[in-house]
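Engineer: Sharing start.txt (compact mmCIF, C-alpha atoms) below.
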```txt
# COMPACT_ATOMS: atom_id res chain seq x y z
CA MET L 485 0.00 0.00 0.00
CA ARG L 486 1.44 3.36 -1.05
CA GLU L 487 1.96 5.89 1.71
CA ASN L 488 -0.01 9.12 1.47
CA PRO L 489 2.57 11.91 1.04
CA THR L 490 0.14 14.51 2.41
CA SER L 491 -0.23 12.63 5.68
CA THR L 492 3.53 12.13 5.79
CA TRP L 493 4.15 15.85 5.30
CA MET L 494 1.57 16.83 7.92
CA ASN L 495 3.01 14.32 10.41
CA ALA L 496 6.49 15.67 9.77
CA PHE L 497 5.20 19.21 10.30
CA VAL L 498 3.67 18.30 13.68
CA ILE L 499 6.77 16.40 14.79
CA THR L 500 9.01 19.28 13.74
CA ALA L 501 6.91 21.75 15.73
CA LEU L 502 7.12 19.55 18.86
CA LEU L 503 10.88 19.17 18.50
CA LEU L 504 11.31 22.91 18.18
CA LEU L 505 9.22 23.45 21.33
CA LEU L 506 11.51 21.01 23.14
CA GLY L 507 14.57 22.95 21.97
CA CYS L 508 15.83 20.24 19.66
CA GLU L 509 17.82 21.03 16.53
CA VAL L 510 15.86 20.10 13.42
CA THR L 511 17.30 19.45 9.96
CA LYS L 512 14.95 20.73 7.28
CA PRO L 513 14.25 18.21 4.50
CA ILE L 514 15.85 19.07 1.17
CA PRO L 515 13.45 19.27 -1.78
CA SER L 516 14.32 16.91 -4.61
CA GLY L 517 14.80 17.79 -8.24
CA LEU L 518 12.50 16.67 -11.03
CA THR L 519 13.27 14.66 -14.17
CA VAL L 520 11.20 15.64 -17.20
CA GLN L 521 10.83 14.02 -20.59
CA TYR L 522 11.25 16.32 -23.59
CA ARG L 523 10.73 15.65 -27.27
CA LEU L 524 11.92 17.64 -30.27
CA ASN L 525 8.81 18.43 -32.25
CA THR L 526 10.75 19.34 -35.38
CA THR L 527 14.02 17.83 -36.60
CA GLU L 528 14.15 19.02 -40.20
CA HIS L 529 16.71 21.77 -39.45
CA ILE L 530 19.18 19.49 -37.64
CA THR L 531 22.30 18.99 -39.73
CA ARG L 532 24.65 17.46 -37.14
CA PRO L 533 22.56 15.05 -35.03
CA GLU L 534 25.70 13.46 -33.58
CA ARG L 535 26.49 16.82 -31.90
CA LEU L 536 23.03 17.45 -30.49
CA ARG L 537 23.08 18.50 -26.82
CA TYR L 538 20.92 20.24 -24.21
CA GLU L 539 21.56 22.63 -21.32
CA VAL L 540 19.39 23.87 -18.43
CA LEU L 541 20.14 27.57 -17.94
CA TRP L 542 19.11 30.01 -15.23
CA THR L 543 19.34 33.52 -16.64
CA GLY L 544 18.63 37.06 -15.49
CA THR L 545 19.90 40.57 -16.01
CA ALA L 546 23.23 39.57 -14.42
CA THR L 547 22.64 35.85 -13.92
CA TYR L 548 23.80 32.80 -15.82
CA GLN L 549 24.21 29.35 -14.34
CA VAL L 550 24.02 25.88 -15.87
CA THR L 551 22.61 23.17 -13.61
CA ASN L 552 22.50 20.33 -16.12
CA ARG L 553 23.77 19.50 -19.58
CA GLY L 554 23.95 16.36 -21.65
CA VAL L 555 23.81 14.57 -24.98
CA ILE L 556 20.62 13.85 -26.93
CA PRO L 557 21.27 10.33 -28.24
CA ASP L 558 18.31 10.10 -30.61
CA MET L 559 16.71 13.24 -32.03
CA HIS L 560 13.53 11.30 -32.85
CA ALA L 561 12.96 9.90 -29.33
CA PRO L 562 12.05 11.55 -26.00
CA PHE L 563 15.01 12.34 -23.77
CA SER L 564 15.30 13.03 -20.04
CA VAL L 565 16.29 16.38 -18.52
CA HIS L 566 16.87 16.67 -14.78
CA PHE L 567 16.05 19.94 -13.04
CA SER L 568 17.82 20.98 -9.86
CA LEU L 569 17.98 24.32 -8.09
CA PRO L 570 20.87 26.74 -8.77
CA GLU L 571 22.68 28.65 -6.05
CA PRO L 572 20.20 30.70 -3.96
CA ASP L 573 21.57 34.07 -5.08
CA VAL L 574 21.19 32.93 -8.70
CA LEU L 575 17.69 31.56 -8.18
CA TYR L 576 16.42 34.80 -6.65
CA SER L 577 17.93 36.93 -9.41
CA VAL L 578 16.45 34.95 -12.31
CA TYR L 579 14.30 37.17 -14.53
CA PRO L 580 11.40 37.55 -15.07
CA GLU L 581 10.05 37.43 -11.53
CA ASP L 582 7.10 35.07 -11.91
CA THR L 583 4.14 34.48 -9.62
CA LEU L 584 2.41 31.12 -9.46
CA SER L 585 -1.22 30.64 -8.47
CA PHE L 586 -1.96 27.13 -7.29
CA ASN L 587 -5.51 27.24 -8.58
CA TYR L 588 -7.59 29.36 -10.92
CA HIS L 589 -8.86 31.56 -8.08
CA TYR L 590 -5.38 33.14 -7.76
CA TYR L 591 -4.83 31.73 -4.29
CA PRO L 592 -2.43 31.00 -2.81
CA GLU L 593 0.23 32.89 -4.78
CA VAL L 594 3.93 32.16 -4.44
CA PRO L 595 7.00 33.51 -6.25
CA ALA L 596 8.52 31.21 -8.88
CA ARG L 597 11.31 31.22 -11.45
CA ARG L 598 11.60 29.47 -14.80
CA PRO L 599 14.87 28.06 -16.16
CA ARG L 600 15.49 27.75 -19.89
CA VAL L 601 16.13 24.54 -21.82
CA VAL L 602 18.28 25.13 -24.90
CA ILE L 603 18.90 22.51 -27.59
CA PHE L 604 21.93 23.10 -29.79
CA GLU L 605 24.42 21.58 -32.19
CA ASP L 606 27.80 21.64 -30.46
CA LEU L 607 29.75 22.86 -33.48
CA ASN L 608 32.93 23.75 -31.59
CA ASP L 609 32.82 20.42 -29.72
CA ASN L 610 33.38 21.93 -26.25
CA LYS L 611 30.33 20.18 -24.72
CA ALA L 612 28.86 23.52 -23.59
CA PHE L 613 26.52 25.99 -25.24
CA ASP L 614 28.27 28.91 -26.94
CA MET L 615 25.88 31.56 -28.22
CA ASN L 616 28.36 32.77 -30.85
CA ALA L 617 29.72 29.43 -32.05
CA ASP L 618 26.93 26.87 -31.72
CA ARG L 619 23.69 26.50 -33.65
CA MET L 620 20.50 26.75 -31.64
CA ILE L 621 17.89 24.17 -32.59
CA ALA L 622 15.17 24.76 -29.99
CA LEU L 623 14.51 26.86 -26.90
CA ASP L 624 11.63 26.30 -24.51
CA GLY L 625 9.25 29.23 -24.53
CA ALA L 626 10.38 30.64 -27.88
CA GLY L 627 8.21 28.66 -30.31
CA TYR L 628 4.75 27.14 -30.22
CA ASP L 629 5.45 25.97 -26.66
CA ARG L 630 5.98 29.50 -25.33
CA TYR L 631 3.24 29.19 -22.67
CA GLN L 632 4.47 25.84 -21.27
CA ALA L 633 7.48 25.46 -18.99
CA ILE L 634 8.98 24.02 -15.82
CA ALA L 635 9.09 26.43 -12.88
CA ALA L 636 10.76 26.31 -9.47
CA LEU L 637 8.85 27.59 -6.44
CA LEU L 638 10.93 29.82 -4.18
CA ASP L 639 9.14 28.56 -1.07
CA VAL L 640 7.46 25.19 -1.53
CA ASP L 641 6.93 24.87 2.25
CA PHE L 642 4.91 28.09 2.35
CA LEU L 643 2.74 26.88 -0.53
CA LEU L 644 2.07 23.54 1.18
CA SER L 645 1.26 25.28 4.47
CA GLN L 646 -1.44 27.31 2.70
CA LEU L 647 -3.12 24.35 1.02
CA THR L 648 -5.93 22.20 2.31
CA PRO L 649 -5.19 18.47 2.69
CA ASP L 650 -7.07 17.81 -0.54
CA ASP L 651 -5.02 20.42 -2.40
CA GLN L 652 -1.83 18.99 -0.92
CA SER L 653 -2.81 15.63 -2.38
CA VAL L 654 -3.27 17.33 -5.75
CA PHE L 655 0.18 18.92 -5.43
CA TYR L 656 1.80 15.53 -4.88
CA GLU L 657 -0.14 14.00 -7.75
CA TRP L 658 1.27 16.76 -9.96
CA THR L 659 4.81 15.89 -8.82
CA LEU L 660 4.38 12.09 -8.83
CA GLN L 661 4.58 11.97 -5.03
CA LYS L 662 7.81 14.00 -4.87
CA TYR L 663 8.59 16.75 -2.37
CA THR L 664 9.98 19.11 -4.98
CA PRO L 665 9.77 22.81 -5.86
CA PHE L 666 9.48 21.99 -9.58
CA LEU L 667 6.11 22.02 -11.34
CA TYR L 668 4.80 21.90 -14.89
CA VAL L 669 3.33 25.36 -15.46
CA GLY L 670 1.49 27.37 -18.04
CA ALA L 671 1.84 31.12 -18.53
CA SER L 672 -1.08 33.43 -19.12
CA GLN L 673 -1.23 34.68 -22.70
CA TYR L 674 -1.86 38.22 -21.47
CA PHE L 675 0.12 38.20 -18.20
CA SER L 676 3.17 36.17 -19.19
CA THR L 677 4.70 36.21 -15.71
CA HIS L 678 1.57 34.84 -14.02
CA LEU L 679 1.90 31.06 -13.89
CA TYR L 680 -0.39 28.19 -12.95
CA PRO L 681 0.24 24.44 -12.60
CA THR L 682 -0.81 22.53 -15.66
CA PHE L 683 -0.63 19.30 -17.58
CA GLU L 684 -1.34 18.99 -21.30
CA THR L 685 -4.40 16.94 -20.39
CA SER L 686 -5.64 19.26 -17.63
CA SER L 687 -8.59 21.60 -17.83
CA THR L 688 -9.88 24.43 -15.67
CA GLU L 689 -12.56 22.09 -14.39
CA GLY L 690 -10.27 19.45 -12.94
CA VAL L 691 -6.86 17.93 -12.74
CA SER L 692 -5.65 14.91 -14.65
CA HIS L 693 -4.04 12.08 -12.72
CA PRO L 694 -1.38 10.66 -15.05
CA ASP L 695 0.74 7.65 -14.17
CA ASP L 696 3.73 9.47 -15.62
CA LEU L 697 4.54 13.11 -16.19
CA PRO L 698 3.62 14.16 -19.72
CA VAL L 699 6.28 14.61 -22.38
CA LEU L 700 6.87 18.26 -23.21
CA ASP L 701 7.36 19.24 -26.84
CA LEU L 702 10.21 21.55 -27.77
CA ASN L 703 9.47 23.48 -30.95
CA SER L 704 11.99 25.25 -33.11
CA ALA L 705 11.85 28.91 -34.05
CA PRO L 706 14.10 31.08 -36.23
CA GLU L 707 17.53 31.17 -34.62
CA LEU L 708 17.57 34.96 -34.43
CA ILE L 709 14.32 34.85 -32.46
CA MET L 710 15.57 32.16 -30.07
CA LYS L 711 18.85 33.95 -29.37
CA SER L 712 17.08 37.27 -28.84
CA ASP L 713 14.50 35.65 -26.56
CA LEU L 714 17.23 34.01 -24.47
CA VAL L 715 19.17 37.28 -24.10
CA CYS L 716 15.97 39.21 -23.34
CA ASN L 717 14.84 36.76 -20.64
CA ARG L 718 11.44 35.88 -22.17
CA GLN L 719 10.63 39.58 -22.64
CA LEU L 720 11.06 39.64 -26.42
CA VAL L 721 8.38 41.71 -28.18
CA LYS L 722 7.36 40.35 -31.59
CA THR L 723 5.25 42.19 -34.14
CA SER L 724 4.33 41.59 -37.76
CA ASN L 725 3.73 43.85 -40.73
CA SER L 726 0.98 43.49 -43.30
CA ILE L 727 1.18 40.62 -45.79
CA PRO L 728 1.62 41.68 -49.43
CA VAL L 729 0.10 39.10 -51.77
CA GLU L 730 0.70 38.66 -55.48
CA ILE L 731 -0.56 36.20 -58.10
CA ARG L 732 1.91 35.35 -60.89
CA VAL L 733 0.42 33.49 -63.85
CA ASP L 734 2.26 31.39 -66.42
CA ASP L 735 1.91 33.33 -69.70
CA THR L 736 0.76 30.19 -71.51
CA LEU L 737 -2.50 30.66 -69.59
CA ASP L 738 -5.19 33.31 -70.02
CA ALA L 739 -4.28 35.65 -67.17
CA THR L 740 -7.25 37.95 -67.93
CA GLU L 741 -9.69 35.14 -67.18
CA ILE L 742 -7.74 33.78 -64.24
CA CYS L 743 -7.31 37.17 -62.58
CA ALA L 744 -10.78 38.46 -63.36
CA ASP L 745 -12.16 38.01 -59.83
CA ALA L 746 -8.86 38.40 -57.94
CA GLU L 747 -8.69 41.37 -55.58
CA ILE L 748 -4.90 41.26 -55.26
CA PRO L 749 -2.15 42.14 -57.80
CA CYS L 750 -2.04 39.63 -60.64
CA ASN L 751 0.80 39.51 -63.19
CA THR L 752 2.22 37.14 -65.79
CA PHE L 753 5.67 35.62 -66.21
CA SER L 754 7.29 33.59 -68.95
CA PHE L 755 7.70 29.90 -68.29
CA ALA L 756 10.80 30.11 -70.46
CA ASP L 757 12.35 31.86 -67.45
CA PRO L 758 10.55 30.15 -64.52
CA PRO L 759 10.91 31.34 -60.94
CA ASP L 760 13.54 29.60 -58.82
CA LEU L 761 11.23 28.48 -56.04
CA GLU L 762 13.99 26.80 -54.05
CA THR L 763 15.93 30.09 -53.96
CA LEU L 764 12.83 31.99 -52.86
CA LEU L 765 12.43 29.59 -49.94
CA ALA L 766 16.12 29.58 -49.02
CA GLU L 767 16.56 33.36 -48.92
CA ALA L 768 13.84 33.90 -46.29
CA ASP L 769 14.26 33.57 -42.52
CA ILE L 770 11.03 31.56 -42.43
CA ALA L 771 9.59 29.87 -45.46
CA THR L 772 6.92 27.37 -46.27
CA THR L 773 5.07 26.23 -49.35
CA ARG L 774 2.02 24.27 -50.31
CA CYS L 775 0.55 23.34 -53.65
CA GLY L 776 -2.62 21.98 -55.18
CA TRP L 777 -4.77 21.76 -58.25
CA THR L 778 -7.71 23.93 -59.19
CA GLN L 779 -10.77 22.27 -60.64
CA ALA L 780 -9.82 23.82 -63.98
CA GLY L 781 -6.62 21.77 -64.07
CA MET L 782 -4.20 24.52 -63.09
CA GLU L 783 -1.45 23.92 -60.57
CA VAL L 784 -1.12 26.56 -57.85
CA ILE L 785 1.93 26.87 -55.62
CA GLU L 786 1.90 29.15 -52.59
CA ILE L 787 5.23 30.56 -51.43
CA HIS L 788 5.29 32.09 -47.95
CA GLN L 789 8.37 34.13 -47.06
CA GLY L 790 9.05 35.67 -43.68
CA PHE L 791 11.89 38.10 -43.02
CA ILE L 792 12.93 39.00 -39.48
CA SER L 793 14.67 42.08 -38.15
CA CYS L 794 15.53 42.65 -34.47
CA ASP L 795 16.58 45.71 -32.52
CA GLN L 796 17.48 44.82 -28.92
CA CYS L 797 14.35 43.11 -27.52
CA TYR L 798 12.00 44.02 -30.38
CA CYS L 799 11.67 41.80 -33.45
CA THR L 800 9.54 42.40 -36.53
CA TYR L 801 8.30 39.84 -39.06
CA ASP L 802 7.66 41.01 -42.65
CA TYR L 803 5.55 38.47 -44.54
CA PHE L 804 5.21 38.02 -48.29
CA ILE L 805 2.90 35.54 -50.01
CA THR L 806 3.05 34.78 -53.71
CA TYR L 807 0.80 32.44 -55.70
CA PHE L 808 2.32 30.89 -58.83
CA VAL L 809 -0.25 29.53 -61.29
CA PHE L 810 0.94 27.05 -63.93
CA HIS L 811 -0.57 25.04 -66.72
CA GLY L 812 -0.94 21.43 -65.65
CA ASP L 813 1.72 20.29 -68.13
CA ASN L 814 4.32 22.70 -66.73
CA ILE L 815 5.80 21.31 -63.54
CA PRO L 816 7.97 23.94 -61.78
CA LEU L 817 9.34 21.59 -59.11
CA SER L 818 10.87 18.14 -59.26
CA GLN L 819 7.45 16.64 -58.66
CA SER L 820 3.97 17.85 -59.40
CA CYS L 821 1.40 18.42 -56.69
CA PRO L 822 -0.62 15.33 -55.72
CA GLU L 823 -3.87 15.33 -57.62
CA ASP L 824 -5.87 14.71 -54.44
CA THR L 825 -5.07 18.19 -53.06
CA PRO L 826 -7.60 20.41 -54.83
CA LEU L 827 -7.76 24.16 -54.36
CA PRO L 828 -10.81 26.35 -55.11
CA THR L 829 -11.48 27.14 -58.75
CA SER L 830 -11.66 30.86 -57.97
CA LEU L 831 -8.35 32.42 -56.95
CA SER L 832 -10.26 34.94 -54.83
CA GLU L 833 -11.27 32.03 -52.57
CA LEU L 834 -7.67 31.08 -51.79
CA ASP L 835 -6.89 31.52 -48.09
CA PRO L 836 -3.60 33.43 -47.63
CA TYR L 837 -2.67 32.03 -44.22
CA PRO L 838 0.41 33.49 -42.53
CA LEU L 839 3.17 31.53 -40.82
CA ALA L 840 1.14 31.33 -37.64
CA GLY L 841 2.38 30.44 -34.17
CA LEU L 842 5.64 32.39 -34.22
CA ILE L 843 4.19 35.79 -33.36
```
Once you've parsed the file, please lay out its structure as structure tokens.
Structural biologist:
Amino acid sequence: MRENPTSTWMNAFVITALLLLLGCEVTKPIPSGLTVQYRLNTTEHITRPERLRYEVLWTGTATYQVTNRGVIPDMHAPFSVHFSLPEPDVLYSVYPEDTLSFNYHYYPEVPARRPRVVIFEDLNDNKAFDMNADRMIALDGAGYDRYQAIAALLDVDFLLSQLTPDDQSVFYEWTLQKYTPFLYVGASQYFSTHLYPTFETSSTEGVSHPDDLPVLDLNSAPELIMKSDLVCNRQLVKTSNSIPVEIRVDDTLDATEICADAEIPCNTFSFADPPDLETLLAEADIATTRCGWTQAGMEVIEIHQGFISCDQCYCTYDYFITYFVFHGDNIPLSQSCPEDTPLPTSLSELDPYPLAGLI
């Protein structure tokens, strides 16, 4: 039968109080660390998988300490990262200064700090992250996962003392029965330094009770964004400009008919001098493409280019979207689009989606 950690903690609290009343010296229990499973959600940008490593960093305006580092043996499989507390003066100077609410009623509130997990290719082979020499692959909190993190409570004993026995049981379920200051947390989208305990399967109505801690995804972002976000201690401000859109039609087609109902610029180009789509994708900081067939038998390729510029802790994305329309017999890439990916017949119905999730 498994021992109830809440009862154990309460019994220890009572015993400690009695010992103090009797004038006995009491050794305070040391909170344990927490081992978390991470998974790289994107591996397409990794060029040197044999040099893939991770580090756990604690950073602030004048703070930088590594508490764990290691090798990632398989970029396609989950890997373990152990979290332990840094030196107290480092922990208290980590920025930003977060506040964690144990429940959704904002009570009790306790101060907390979030370390960073950086994934990088160790290009200079010194087994440590070098911002200027190594290539960043992923950084927690900089991509799609920016609202999920691991946080350390500055006073786990105070939090436990403010909780009811039922809430203490919930706390230990969240930590897999460990007395630890580390918790899975989510950050408010509007108040990014206000944290709350969370699991990927949790909801505001209740708490999940997993047998194991969930695996956290680490998503990549443009390297300039990740480096700026690390230097700026999660305070990077990102904005985007409007998205110019253009339709470019193969001149073997009737551009007048194709562009008749288009409300965006529509021009022709000669297939004798076709666009170099690979170059268009390579020259952008962020790029993606998709293709499909219209019901009229035309092949449409969307090119999305994103260009990033940063000034201190402010970064701007400039987006450009171009539609290339070809006759079905003219294949601009090494392979034609699959015929089971139809696009609307009318170009005005095409949905110019941006590179979402990075702003």
Engineer: I'd like a table as CSV: residues in stretch 691-793 of chain L with an atom no more than 6 Å from stretch 522-528 of chain L, each row giving the shortest atom pair and its distance in Å to one decimal, only C-alpha atoms counted, sorted by chain and rising residue number.
Structural biologist:
```
residue,atom,partner,partner_atom,distance
L:Val699,CA,L:Tyr522,CA,5.4
L:Leu700,CA,L:Tyr522,CA,4.8
L:Asp701,CA,L:Arg523,CA,4.9
L:Leu702,CA,L:Leu524,CA,4.9
L:Asn703,CA,L:Asn525,CA,5.3
```
Engineer: Quick one: residues within 10 Å of L:Ser793, only C-alpha atoms, excluding same-chain residues fewer than 2 positions away - as a PyMOL selection string?
Structural biologist: chain L and resi 708-709+722+769+791+795+798-802
Engineer: L:Met615, L:Val733, L:Ala746, L:Ala596: which is nearest L:Tyr680, counting all atoms listed in the file?
Structural biologist: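 Selected residue with least distance to L:Tyr680: L:Ala596.
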Engineer: Given the choices L:Ile742, L:Val602, L:Leu569, L:Leu679, which gets closest to L:Thr551 if the distance is worked out from only C-alpha atoms?
Structural biologist: L:Leu569
Engineer: Find the residues with any atom within 9 Å of (20.4, 28.6, -17.4); use all atoms listed in the file and the coordinates as given in the file, and write the answer as number ranges by chain.
Structural biologist: L: 539-544, 547-552, 570, 599-602
Engineer: Taking into account all atoms listed in the file, which residue in the set L:Phe586, L:Tyr538, L:Tyr668, L:Phe567 is nearest to L:Gln652?
Structural biologist: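 Of the candidates, the smallest distance to L:Gln652 is held by L:Phe586.
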Engineer: Which one is closest to L:Ser516: L:Pro706, L:Gly670, L:Gly790, L:Pro665? Count all atoms listed in the file.
Structural biologist: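 Comparing L:Pro706, L:Gly670, L:Gly790, L:Pro665 against L:Ser516, the winner is L:Pro665.
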Engineer: Which is closer to L:Val594 than all the others in L:Glu581, L:Glu571, L:Glu747, L:Asp639, using all atoms listed in the file?
Structural biologist: L:Asp639
Engineer: Have a look at L:Val520, L:Lys662, L:Thr806, L:Thr677 and name the one nearest to L:Leu584; count only C-alpha atoms.
Structural biologist: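 Result for the nearest residue to L:Leu584: L:Thr677.
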Engineer: Taking 2 positions as the minimum chain separation for residues in the same chain, which residues sit within 6 Å of L:Ala635 when counting all atoms listed in the file? Answer as a compact mmCIF listing (two decimals) with C-alpha atoms, keeping the file's coordinate frame.
Structural biologist:
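Writing done, so here's out_5.txt:
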```txt
# COMPACT_ATOMS: atom_id res chain seq x y z
CA ARG L 597 11.31 31.22 -11.45
CA ARG L 598 11.60 29.47 -14.80
CA PHE L 666 9.48 21.99 -9.58
CA LEU L 667 6.11 22.02 -11.34
```
Engineer: Suppose you want the space between atom CA of L:Ile770 and atom CA of L:Ala622; what is it in Å?
Structural biologist: 14.8 Å
Engineer: May I ask for the distance between atom CA of L:Gln796 and atom CA of L:Lys611, given in Å to one decimal place?
Structural biologist: 28.1 Å
Engineer: In Å, how far is it from atom CA of L:Asp582 to atom CA of L:Glu657?
Structural biologist: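 It comes out at 22.7 Å.
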